Structures are given as C-alpha cells and as structure tokens.
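**Student:** Provided herewith is a single structure, encoded as structure tokens, for subsequent inquiry.
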Amino acid sequence: MAQSIFGSVAQPVSIPVIPVREILPYAVFGGLLLLLAIYFVGAEQGATSMFRGTMVHEFLHDGRHLLGFPCH
Amino acid sequence: MKGNQNILMTRTLLLRGMLVGVVAGLLVFAFARWIGEPQVERSIAFETAGDQARGEAPEPEMVSRRVQKSLGLLTGAVVYGAAVGGLFGLVFAFAYGRIGELGPRALAAVLAGLGFVAIVLVPNLKYPANPPAVGSAETIGVRTGAYFLLIAVSIVTMVFSLQMRRRFSKRFGEWNGSLLAAGLFVVIVSVVAHFLPEVDEVPAGFPVTLMWKFRVAAVEIQAVLWGTLGLGFGWWVESSSR
C-alpha cells in the first residue's frame, strides 16, 4: 500500500531485515563515536568542557550558531 | 536477492551514511557560507556597536573571523554531516523491512523526513537558532540542557508514534491510523515543550528582519543536510541493490 504511494520499486512480499544482534555492535561503538563528534561540534566548551579553554568553541563558532546549537 | 544480501550489511550502511553525510556537510558549508554568514556578520557588527556604545572593550578575537567562517565552519559542517549521516545509516539498517514494505529509496526519504521533523523542526519551534549577540552566558547550561532534552523527547515520541501507527492502522486503516499517530506525536511534543523553560534573551534593538533571516537560514541549512542525506543515501543503496 505505502509502496505505491511513495512510488518505490516493487519488492518481493517480505523484505529481509538485518537481525538486531548484527546491528548492535556497530550501533554501540559507531553510534557513541558519532554522538561524541556531534557533542564536539555542538556543545564542547559551552555548557560543559572536556578540554580547558575556549579554542574549540571559538573555532567552531559559526557552525555552532548556524546549525542551531545554543552558543554563549 | 543475492545483491541485496551483499549490500544490506550494517557496516556498508554505516559507511555509506557517513560518506553521504560528508557530501551533505560540504553542501551545508557552501549554503551556510552563502545564506548564513551575512547574518552572522551583521549580528557581530550589532554586538560590537553595542559594546562600543557602552564603553566596553570588544571581545578578544581568539580565532580570527576569517578562520571562523572558512575552516571553522567547514570543519563543523563536515564533521556534523558525517556524524548525522552515520547515525542515519544505522537507523536505516534497523528500519529496513521493519517500517512497512518500503524499498531503500522510499525508506531513506521517509526516514529523513521524519528525522527532520523530530530533530530539527520540533526543537526549533521552541528553541530557534540564535545569532551571535543573542543569549546570555549565564543561561548556557539551562539552554543546552533544555534543547537536548527536547530533541531526546522528540525522538522517543517519534519512535513511539511509529509503533502506535501500526496498531492504529490495523484498527482504523492505513490513512486514519497514520493521521492518529501524527496527532499523537504533535500532542505529546507540544505538551512537553510547553513545560520546558522559556528562553527570551534577545537584546533590545536587535533588528527583527535580521533575526528572521538568520533563523530561516538555520532551518534551510538543516533542510539541505537532511534532504541530501535522504535522497543521496536512498539513491545509492537502491541503485546498488538491484
């Protein structure tokens, strides 16, 4: 039903799913690293700091404002 | 089907998400530079004029404006794009075959649309992006906490509403079930947003049109990111799974 609405290629009756146990290790390790990256772009040296000073904050200043993160 | 097995592995989807995210980040940089930077510059000019009028020394420039708006913005955009793209790939890996019978291209577009609503639109309606010169340093803790809390609530509510959609659809049909689930999402996030702290720190005399342009630019930048992710990732996975 939804398939015809979104105009995708016709699929066989059921789509094979990726088992959760296969996704989990990537989700845990990859996901954590990616969230850490977002933290550094969006919030480091704002409300909380892992490194002292304001250089990270100042360097990423414009991106932080334009990507919508709360900034100073 | 054999091609499908090869392509649809978590590792591949994660990597492709990150790569499409890097491309999206580059587009975000170009777009932000073009549509966003003029607003940032004008806001900084407003801030500097205010400091001078009050006889205060201007804020020391630790990183030059030239670096902030070129290398700094580029780094922020690409790292952010790669990270959001990678997470998008992981969510896709889980959602494929679990949300209706959507093919890769359609699923990626739907996920990007839902992600944009949950992660960009909802938080922005309560806590819109602020240009430099707006926001006091004392409240950064509360603002950051409330902002990320609203994003978290919005994502959880989106997942919950998608699960409810399946239940509603069985009972009331696909269309009405989807409408009910969408309504449920709107009601929950509206109530939560209502009880989160109000932030109103726009300095007197800050140009209204400048504020509007900045905030529209911020949403447009996110639309570029999520649009590129949804369409680019979907195209890539679809074309290689045939």
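By convention here, the chains of the structure tokens are called A, B, ... in the order presented, each chain's residues are numbered starting at 1, and ligands are numbered starting at 1 in the order presented.
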List every residue of chain A that has an atom at most 8 Å from any atom of chain B, and for each one report the closest atom pair and its distance in Å to one decimal, counting only C-alpha atoms, with rows sorted by chain and then by increasing residue number, as JSON lines.
**Tutor:**
```
{"residue": "A:Ala2", "atom": "CA", "partner": "B:Leu102", "partner_atom": "CA", "distance": 7.1}
{"residue": "A:Gln3", "atom": "CA", "partner": "B:Leu102", "partner_atom": "CA", "distance": 5.6}
{"residue": "A:Phe6", "atom": "CA", "partner": "B:Ala106", "partner_atom": "CA", "distance": 6.1}
{"residue": "A:Gly7", "atom": "CA", "partner": "B:Ala106", "partner_atom": "CA", "distance": 7.5}
{"residue": "A:Ser8", "atom": "CA", "partner": "B:Ala106", "partner_atom": "CA", "distance": 5.8}
{"residue": "A:Val9", "atom": "CA", "partner": "B:Gly103", "partner_atom": "CA", "distance": 6.4}
{"residue": "A:Ala10", "atom": "CA", "partner": "B:Gly103", "partner_atom": "CA", "distance": 7.6}
{"residue": "A:Gln11", "atom": "CA", "partner": "B:Gly103", "partner_atom": "CA", "distance": 6.7}
{"residue": "A:Ser14", "atom": "CA", "partner": "B:Glu101", "partner_atom": "CA", "distance": 7.1}
{"residue": "A:Ile15", "atom": "CA", "partner": "B:Gly97", "partner_atom": "CA", "distance": 4.9}
{"residue": "A:Pro16", "atom": "CA", "partner": "B:Gly97", "partner_atom": "CA", "distance": 6.2}
{"residue": "A:Val17", "atom": "CA", "partner": "B:Gly97", "partner_atom": "CA", "distance": 5.1}
{"residue": "A:Ile18", "atom": "CA", "partner": "B:Phe94", "partner_atom": "CA", "distance": 6.6}
{"residue": "A:Val20", "atom": "CA", "partner": "B:Phe94", "partner_atom": "CA", "distance": 7.2}
{"residue": "A:Glu22", "atom": "CA", "partner": "B:Thr10", "partner_atom": "CA", "distance": 7.2}
{"residue": "A:Ile23", "atom": "CA", "partner": "B:Thr10", "partner_atom": "CA", "distance": 5.8}
{"residue": "A:Tyr26", "atom": "CA", "partner": "B:Thr10", "partner_atom": "CA", "distance": 7.2}
{"residue": "A:Ala27", "atom": "CA", "partner": "B:Leu90", "partner_atom": "CA", "distance": 6.4}
{"residue": "A:Gly30", "atom": "CA", "partner": "B:Gly86", "partner_atom": "CA", "distance": 7.9}
{"residue": "A:Gly31", "atom": "CA", "partner": "B:Leu87", "partner_atom": "CA", "distance": 6.3}
{"residue": "A:Leu34", "atom": "CA", "partner": "B:Ala83", "partner_atom": "CA", "distance": 4.7}
{"residue": "A:Leu35", "atom": "CA", "partner": "B:Ala83", "partner_atom": "CA", "distance": 7.0}
{"residue": "A:Ala37", "atom": "CA", "partner": "B:Ala83", "partner_atom": "CA", "distance": 6.4}
{"residue": "A:Ile38", "atom": "CA", "partner": "B:Tyr80", "partner_atom": "CA", "distance": 5.7}
{"residue": "A:Val41", "atom": "CA", "partner": "B:Gly76", "partner_atom": "CA", "distance": 5.6}
{"residue": "A:Ala43", "atom": "CA", "partner": "B:Thr144", "partner_atom": "CA", "distance": 7.7}
{"residue": "A:Gly46", "atom": "CA", "partner": "B:Ile140", "partner_atom": "CA", "distance": 6.9}
{"residue": "A:Ala47", "atom": "CA", "partner": "B:Gly141", "partner_atom": "CA", "distance": 4.7}
{"residue": "A:Thr48", "atom": "CA", "partner": "B:Gly141", "partner_atom": "CA", "distance": 7.8}
{"residue": "A:Met55", "atom": "CA", "partner": "B:Met62", "partner_atom": "CA", "distance": 7.1}
{"residue": "A:Glu58", "atom": "CA", "partner": "B:Val63", "partner_atom": "CA", "distance": 6.0}
{"residue": "A:Phe59", "atom": "CA", "partner": "B:Gly72", "partner_atom": "CA", "distance": 5.0}
{"residue": "A:Leu60", "atom": "CA", "partner": "B:Gly72", "partner_atom": "CA", "distance": 5.0}
{"residue": "A:His61", "atom": "CA", "partner": "B:Gln68", "partner_atom": "CA", "distance": 6.5}
{"residue": "A:Asp62", "atom": "CA", "partner": "B:Leu73", "partner_atom": "CA", "distance": 5.7}
{"residue": "A:Gly63", "atom": "CA", "partner": "B:Leu73", "partner_atom": "CA", "distance": 4.8}
{"residue": "A:Arg64", "atom": "CA", "partner": "B:Gly76", "partner_atom": "CA", "distance": 7.3}
{"residue": "A:His65", "atom": "CA", "partner": "B:Pro131", "partner_atom": "CA", "distance": 6.0}
{"residue": "A:Leu66", "atom": "CA", "partner": "B:Ala218", "partner_atom": "CA", "distance": 5.2}
{"residue": "A:Leu67", "atom": "CA", "partner": "B:Ala218", "partner_atom": "CA", "distance": 6.0}
{"residue": "A:Gly68", "atom": "CA", "partner": "B:Ala129", "partner_atom": "CA", "distance": 4.2}
{"residue": "A:Phe69", "atom": "CA", "partner": "B:Ala129", "partner_atom": "CA", "distance": 6.6}
{"residue": "A:Pro70", "atom": "CA", "partner": "B:Thr144", "partner_atom": "CA", "distance": 5.8}
{"residue": "A:Cys71", "atom": "CA", "partner": "B:Ile140", "partner_atom": "CA", "distance": 7.0}
{"residue": "A:His72", "atom": "CA", "partner": "B:Ala137", "partner_atom": "CA", "distance": 5.0}
```
**Student:** Can you spit out the residues from that selection as a PDB file, in the first residue's frame, using C-alpha atoms?
**Tutor:**
```pdb
ATOM      1  CA  ALA A   2       2.564   2.545   1.126  1.00  0.00           C
ATOM      2  CA  GLN A   3       4.817   1.336  -1.647  1.00  0.00           C
ATOM      3  CA  PHE A   6       5.921   6.560  -2.407  1.00  0.00           C
ATOM      4  CA  GLY A   7       6.496   5.151  -5.868  1.00  0.00           C
ATOM      5  CA  SER A   8       9.319   2.814  -4.962  1.00  0.00           C
ATOM      6  CA  VAL A   9      10.429  -0.236  -6.853  1.00  0.00           C
ATOM      7  CA  ALA A  10       8.176  -3.227  -6.331  1.00  0.00           C
ATOM      8  CA  GLN A  11       9.689  -5.519  -3.719  1.00  0.00           C
ATOM      9  CA  SER A  14       8.708  -9.529   2.534  1.00  0.00           C
ATOM     10  CA  ILE A  15      11.913  -7.542   2.827  1.00  0.00           C
ATOM     11  CA  PRO A  16      14.743  -9.323   4.656  1.00  0.00           C
ATOM     12  CA  VAL A  17      15.537  -7.475   7.876  1.00  0.00           C
ATOM     13  CA  ILE A  18      19.002  -7.178   9.380  1.00  0.00           C
ATOM     14  CA  VAL A  20      19.419  -6.717  15.757  1.00  0.00           C
ATOM     15  CA  GLU A  22      24.207  -7.786  13.770  1.00  0.00           C
ATOM     16  CA  ILE A  23      23.433  -4.086  14.133  1.00  0.00           C
ATOM     17  CA  TYR A  26      28.017  -1.017  15.162  1.00  0.00           C
ATOM     18  CA  ALA A  27      25.253   0.888  16.892  1.00  0.00           C
ATOM     19  CA  GLY A  30      29.879   3.658  15.955  1.00  0.00           C
ATOM     20  CA  GLY A  31      26.911   5.384  17.495  1.00  0.00           C
ATOM     21  CA  LEU A  34      29.302   9.728  16.176  1.00  0.00           C
ATOM     22  CA  LEU A  35      27.427  11.199  19.138  1.00  0.00           C
ATOM     23  CA  ALA A  37      31.536  14.054  17.278  1.00  0.00           C
ATOM     24  CA  ILE A  38      28.190  15.865  17.404  1.00  0.00           C
ATOM     25  CA  VAL A  41      30.714  20.344  17.094  1.00  0.00           C
ATOM     26  CA  ALA A  43      28.403  21.746  22.745  1.00  0.00           C
ATOM     27  CA  GLY A  46      29.792  25.660  26.077  1.00  0.00           C
ATOM     28  CA  ALA A  47      27.786  24.319  28.979  1.00  0.00           C
ATOM     29  CA  THR A  48      30.337  21.563  29.620  1.00  0.00           C
ATOM     30  CA  MET A  55      39.602  27.363  21.362  1.00  0.00           C
ATOM     31  CA  GLU A  58      35.805  29.720  19.013  1.00  0.00           C
ATOM     32  CA  PHE A  59      36.986  27.630  16.054  1.00  0.00           C
ATOM     33  CA  LEU A  60      33.562  26.038  15.555  1.00  0.00           C
ATOM     34  CA  HIS A  61      31.704  29.240  16.471  1.00  0.00           C
ATOM     35  CA  ASP A  62      29.919  29.933  13.168  1.00  0.00           C
ATOM     36  CA  GLY A  63      28.890  26.350  12.522  1.00  0.00           C
ATOM     37  CA  ARG A  64      27.513  26.086  16.029  1.00  0.00           C
ATOM     38  CA  HIS A  65      25.295  29.155  15.565  1.00  0.00           C
ATOM     39  CA  LEU A  66      24.144  28.235  12.062  1.00  0.00           C
ATOM     40  CA  LEU A  67      23.438  24.595  12.920  1.00  0.00           C
ATOM     41  CA  GLY A  68      21.149  25.813  15.691  1.00  0.00           C
ATOM     42  CA  PHE A  69      23.067  24.782  18.825  1.00  0.00           C
ATOM     43  CA  PRO A  70      22.868  27.002  21.905  1.00  0.00           C
ATOM     44  CA  CYS A  71      26.088  29.032  21.936  1.00  0.00           C
ATOM     45  CA  HIS A  72      27.346  31.537  24.571  1.00  0.00           C
TER      46      HIS A  72
END
```
**Student:** Excluding Val192 (chain B) and any residue of its chain fewer than 6 positions from it, enumerate the residues within 10 Å of it, using only C-alpha atoms, and give them as number ranges by chain.
**Tutor:** B: 149-150, 153-154
**Student:** Return as a PyMOL selection string the full set of residues in region 2-237 of chain B whose backbone-based DSSP assignment is helix (DSSP H, G or I).
**Tutor:** chain B and resi 2-7+10-53+65-95+104-126+137-172+174-195+208-237
**Student:** Find the residues near region 167-170 of chain B: any atom within 12 Å, counting only C-alpha atoms, skip ones fewer than 4 places away on the same chain, and give them as a list of chain:residue names.
**Tutor:**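 Surrounding residues, per the criterion: A:Met1, A:Ala2, B:Gly100, B:Phe160, B:Ser161, B:Leu162, B:Gln163, B:Glu174, B:Trp175, B:Asn176, B:Gly177, B:Ser178, B:Leu179, B:Leu180, B:Ala181, B:Ala182, B:Gly183, B:Leu184.
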**Student:** How about saving the chosen residues, N, CA and C atoms kept, as a CSV table (one decimal), in the first residue's frame?
**Tutor:**
```
chain,number,residue,atom,x,y,z
A,1,MET,N,0.8,-1.2,0.0
A,1,MET,CA,0.0,0.0,0.0
A,1,MET,C,0.9,1.2,0.0
A,2,ALA,N,1.7,1.4,1.0
A,2,ALA,CA,2.6,2.5,1.1
A,2,ALA,C,3.5,2.6,-0.1
B,100,GLY,N,6.9,-0.9,7.4
B,100,GLY,CA,6.1,-1.2,6.2
B,100,GLY,C,7.0,-1.9,5.2
B,160,PHE,N,7.8,6.1,19.3
B,160,PHE,CA,6.6,5.6,20.0
B,160,PHE,C,5.4,5.8,19.0
B,161,SER,N,5.3,6.9,18.4
B,161,SER,CA,4.2,7.2,17.4
B,161,SER,C,4.2,6.2,16.2
B,162,LEU,N,5.4,5.9,15.8
B,162,LEU,CA,5.5,5.0,14.7
B,162,LEU,C,5.0,3.6,15.1
B,163,GLN,N,5.3,3.2,16.3
B,163,GLN,CA,4.8,1.9,16.8
B,163,GLN,C,3.3,1.9,16.9
B,174,GLU,N,-5.0,2.4,7.1
B,174,GLU,CA,-3.7,3.0,7.0
B,174,GLU,C,-3.7,4.5,7.1
B,175,TRP,N,-4.6,5.1,6.4
B,175,TRP,CA,-4.7,6.6,6.3
B,175,TRP,C,-5.0,7.2,7.7
B,176,ASN,N,-6.2,6.7,8.2
B,176,ASN,CA,-6.6,7.2,9.5
B,176,ASN,C,-5.7,6.9,10.6
B,177,GLY,N,-5.1,5.7,10.6
B,177,GLY,CA,-4.1,5.3,11.6
B,177,GLY,C,-2.9,6.2,11.6
B,178,SER,N,-2.4,6.6,10.4
B,178,SER,CA,-1.3,7.4,10.2
B,178,SER,C,-1.6,8.8,10.8
B,179,LEU,N,-2.8,9.3,10.5
B,179,LEU,CA,-3.2,10.6,11.0
B,179,LEU,C,-3.3,10.6,12.5
B,180,LEU,N,-3.8,9.6,13.0
B,180,LEU,CA,-3.9,9.5,14.5
B,180,LEU,C,-2.5,9.5,15.1
B,181,ALA,N,-1.6,8.7,14.5
B,181,ALA,CA,-0.2,8.6,15.1
B,181,ALA,C,0.4,10.0,15.0
B,182,ALA,N,0.2,10.7,13.9
B,182,ALA,CA,0.8,12.0,13.7
B,182,ALA,C,0.2,13.0,14.8
B,183,GLY,N,-1.1,12.9,15.0
B,183,GLY,CA,-1.7,13.7,16.0
B,183,GLY,C,-1.1,13.4,17.4
B,184,LEU,N,-0.9,12.1,17.7
B,184,LEU,CA,-0.4,11.7,19.0
B,184,LEU,C,1.0,12.4,19.2
```
**Student:** In Å to one decimal, how far is CA of Ala223 (chain B) from CA of Val191 (chain B)?
**Tutor:**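 The value is 25.2 Å.
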**Student:** Using CA of Ala53 (chain B) and CA of Ala204 (chain B) as the two end points, give the distance in Å to one decimal.
**Tutor:**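 We find that CA of Ala53 (chain B) and CA of Ala204 (chain B) lie 13.4 Å from each other.
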